[in-house]
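Chemist: Would you mind keeping the following structure in view while I ask a few things?
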Amino acid sequence: MATTVRWFGGAGSPEIAPAASGGFNTVGFFGASFGFSIRVGEYNTTTFRTNANGTSNGSQLPNIKFANTSGAFVGASLIAEELLEIENTLSTLNVRLNTDNPIKTQNTKFRAFDRVNINNNPSGVTINAAEVRKDQALVRGSGDQFWQSIFGSGSVLDLFDQTTANATQHDFYIALTATPTSIGEKTDIGFYWETEFL
Amino acid sequence: MFLKYQEDSLSRDIPLSRKVNELVPKSRWIASLSNGETIFEDYRDGEEPAWERLRRYVKQEGLSITNLRAQFESGKTVPLPAGQEGYIQKKKAWLTTGAGGVMLCVGYVQKNIAGIHEAANDGDSVFRIVSDPGEPWAIYRKDVRDAVAK
């Protein structure tokens, strides 16, 4: 059985590569553009696919910036949108599970951690996350209404079960926004996703 | 291929593999049933997962799983204790910065507690004690199912 799990930066963006490839295997949050820092207490203005230490630009990803507990600035927009109005294609991450045979998924979870142990908190940064579920422009989404601060095992984002029908491809869309809690480059941040199926 | 497996499939309505064939993956779960049958995990086009088919079969025939084990291409086996109140099977897919994979998880239920082995492709496993995850992951023994139904 060939089961693959990959993640992309938003729908249609390039794949975020496995670390073993030595390629663009990381999501990087930046200020005004690639390499620009984010001030303490502020949120990302741009998001890029980058290498492990954030020094190489591997193409821009959709940016979602925290606006308030239930809203975000999407892309370059200066007007905040409700999280429920963000479309899948504009999400920060698209996690894609492919299986040979049709399945349903349950108990799907998403974590931020320190790249050492999935139970540890990310270091020096606050990560807010929300599941995006809006595949039609004119229909209000059914994902998360509010941001959730996620950190290690202390706060994990639960993603919706995909049990309506068995399918060989399951896509999960996640909005992410980050704010540093201190001055300096932050690299001890990783993301972990898991799901269960029969 | 259809003719080859019709004895396996049509004689009992619910298609299941009772021996290793081309539909059975090299790493798989193997269930022993109270009627003496052995069922191997398989993948069939257009069919629901084998664990779901097995659940329907044991309910339809009034059977129980008497034991379950996972067997891996590496030759390793993850055995479970026999005669438990229920048995659990699931796959866990995971992805993190830089790596990902799928684990075959097998376990058992006893008094609302589940012991689950999460095994990587090479058969190396981690054992966890958790609360009973219930259906669809667990298939309960017939007397346990009957007691719940009353």
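Letters A, B, ... go to the chains of the structure tokens in the order shown; residues in each chain start at 1; ligands are counted from 1 in the same order.
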Could you list the residues in chain A lying within 9 Å of chain B, using only C-alpha atoms, and format the result as number ranges by chain?
Modeler: A: 1, 3-7, 16-21, 25-27, 95, 97, 100-103, 115, 166, 190-198
Chemist: Write out as a ChimeraX atom specification which residues come within 8 Å of Ala178 of chain A when counting only C-alpha atoms, dropping same-chain ones fewer than 5 positions away.
Modeler: /A:29,43-44,65-66,125-128
Chemist: Can you write just those residues out, C-alpha atoms, as a PDB file, in the first residue's frame?
Modeler:
```
ATOM      1  CA  PHE A  29       7.341  33.759   8.688  1.00  0.00           C
ATOM      2  CA  TYR A  43       2.602  39.203  13.248  1.00  0.00           C
ATOM      3  CA  ASN A  44       3.948  37.928   9.934  1.00  0.00           C
ATOM      4  CA  LYS A  65      -1.834  37.617   9.440  1.00  0.00           C
ATOM      5  CA  PHE A  66      -3.569  37.722  12.792  1.00  0.00           C
ATOM      6  CA  VAL A 125       7.309  32.454  19.249  1.00  0.00           C
ATOM      7  CA  THR A 126       3.556  32.271  19.637  1.00  0.00           C
ATOM      8  CA  ILE A 127       1.798  30.327  16.892  1.00  0.00           C
ATOM      9  CA  ASN A 128      -1.905  30.761  16.217  1.00  0.00           C
TER      10      ASN A 128
END
```
Chemist: If you measure from atom CA of Leu176 of chain A to atom CA of Pro122 of chain A, what distance in Å do you get, rounded to one decimal?
Modeler: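 According to the coordinates, atom CA of Leu176 of chain A and atom CA of Pro122 of chain A are separated by 13.7 Å.
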Chemist: With only C-alpha atoms as the counted atoms, please give the residues lying no more than 12 Å from Arg141 of chain B, apart from itself and same-chain residues fewer than 6 positions off, as a PyMOL selection string.
Modeler: chain B and resi 33-34+55+58-59+62-67+82-88+108-110+147-148
Chemist: Near Pro62 of chain A, counting only C-alpha atoms, which residues have an atom at most 7 Å away, once you skip same-chain residues fewer than 2 positions from it, shown as a VMD selection string?
Modeler: chain A and resid 9 to 10 47 60 64 75 90 to 92
Chemist: Write out, as a PDB file, in the first residue's frame, the residues just selected, with N, CA and C atoms.
Modeler:
```pdb
ATOM      1  N   GLY A   9       2.386  24.694   0.563  1.00  0.00           N
ATOM      2  CA  GLY A   9       2.075  26.000   1.120  1.00  0.00           C
ATOM      3  C   GLY A   9       0.826  26.527   0.455  1.00  0.00           C
ATOM      4  N   GLY A  10      -0.314  26.272   1.055  1.00  0.00           N
ATOM      5  CA  GLY A  10      -1.568  26.685   0.438  1.00  0.00           C
ATOM      6  C   GLY A  10      -1.826  25.860  -0.805  1.00  0.00           C
ATOM      7  N   THR A  47       4.946  35.140   4.151  1.00  0.00           N
ATOM      8  CA  THR A  47       5.277  33.752   4.485  1.00  0.00           C
ATOM      9  C   THR A  47       5.992  33.150   3.279  1.00  0.00           C
ATOM     10  N   GLN A  60       7.200  32.385  -2.430  1.00  0.00           N
ATOM     11  CA  GLN A  60       6.262  32.953  -1.453  1.00  0.00           C
ATOM     12  C   GLN A  60       5.044  32.050  -1.301  1.00  0.00           C
ATOM     13  N   ILE A  64      -1.234  34.768   5.874  1.00  0.00           N
ATOM     14  CA  ILE A  64      -2.395  35.062   6.716  1.00  0.00           C
ATOM     15  C   ILE A  64      -1.857  35.677   7.992  1.00  0.00           C
ATOM     16  N   GLY A  75      -3.321  37.770   2.550  1.00  0.00           N
ATOM     17  CA  GLY A  75      -2.466  38.339   1.510  1.00  0.00           C
ATOM     18  C   GLY A  75      -2.082  39.764   1.875  1.00  0.00           C
ATOM     19  N   LEU A  90      -6.228  29.931  -0.075  1.00  0.00           N
ATOM     20  CA  LEU A  90      -5.448  31.007   0.537  1.00  0.00           C
ATOM     21  C   LEU A  90      -4.889  30.615   1.900  1.00  0.00           C
ATOM     22  N   SER A  91      -5.073  29.378   2.281  1.00  0.00           N
ATOM     23  CA  SER A  91      -4.571  28.926   3.583  1.00  0.00           C
ATOM     24  C   SER A  91      -3.043  28.838   3.545  1.00  0.00           C
ATOM     25  N   THR A  92      -2.434  28.867   4.709  1.00  0.00           N
ATOM     26  CA  THR A  92      -0.974  28.789   4.775  1.00  0.00           C
ATOM     27  C   THR A  92      -0.474  27.411   4.361  1.00  0.00           C
TER      28      THR A  92
END
```
Chemist: Could you check how far atom CA of Gly28 of chain A sits from atom CA of Ile183 of chain A, in Å to one decimal?
Modeler: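 Computed distance, atom CA of Gly28 of chain A to atom CA of Ile183 of chain A, equals 16.1 Å.
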Chemist: Quote the spacing between atom CA of Asn68 of chain A and atom CA of Ala80 of chain A in Å to one decimal place.
Modeler: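 These two atoms are separated by 8.4 Å.
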Chemist: I need the strand (DSSP E or B) residues of segment 6-127 of chain A per DSSP on the backbone, written as a PyMOL selection string.
Modeler: chain A and resi 6-8+15-16+26-30+46-50+57-61+64-68+71-74+81-82+93-113+125-127
Chemist: Find the residues around segment 124-132 of chain B up to 9 Å (only C-alpha atoms counted), leave out those fewer than 5 positions away in its own chain, and share them as a list in words.
Modeler: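 What passes the distance filter is Lys76, Val78, Met103, Cys105, Gly107, Tyr108, Val109, Gln110, Lys111, Asn112, Ile113, Ala114, Gly115, Ile116, His117, Glu118, Ala119 and Ala138 of chain B.
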Chemist: Given the selection you just returned, output its residues as a file containing C-alpha atoms, formatted as a compact mmCIF listing (two decimals), in the first residue's frame.
Modeler:
```
# COMPACT_ATOMS: atom_id res chain seq x y z
CA LYS B 76 8.90 -9.10 12.69
CA VAL B 78 3.73 -7.88 16.97
CA MET B 103 2.25 3.29 11.24
CA CYS B 105 -1.34 0.03 14.99
CA GLY B 107 -4.07 -3.44 20.12
CA TYR B 108 -6.62 -4.87 22.49
CA VAL B 109 -9.33 -3.68 24.84
CA GLN B 110 -9.85 -4.89 28.38
CA LYS B 111 -12.08 -3.12 30.92
CA ASN B 112 -12.26 0.13 28.92
CA ILE B 113 -8.50 0.32 28.67
CA ALA B 114 -6.66 -0.23 25.41
CA GLY B 115 -3.10 -1.34 24.88
CA ILE B 116 -1.91 -0.33 21.43
CA HIS B 117 1.31 -1.10 19.60
CA GLU B 118 2.19 1.59 17.06
CA ALA B 119 4.56 -0.02 14.59
CA ALA B 138 -12.26 -1.63 18.03
```
Chemist: When you look at segment 144-153 of chain A with a cut-off of 7 Å (counting only C-alpha atoms), what residues show up, excluding the ones that are within fewer than 4 positions of it in the same chain? I need them as a list in words.
Modeler: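 Within the cut-off, the hits are Thr69, Ser70, Leu83, Leu84, Arg111, Ala112, Phe113, Ile118, Asn119, Asn120, Asn121, Pro122, Thr126, Ile127, Asn128, Ala129, Ala130, Glu131, Val132 and Leu157 of chain A.
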Chemist: If we count only C-alpha atoms and set the cut-off at 10 Å, which residues sit around Asn88 of chain A, ignoring sequence neighbours fewer than 3 positions away in its own chain? Please answer as a list of chain:residue names.
Modeler: A:Gly10, A:Ala11, A:Glu85, A:Ser91, A:Thr92, A:Leu93, A:Asn94, A:Glu131, A:Val132, A:Arg133, A:Lys134, A:Asp135, A:Gln136, A:Ala137, A:Gly141, A:Gly143, A:Asp171, A:Phe172, A:Tyr173, A:Ile174, A:Ala175
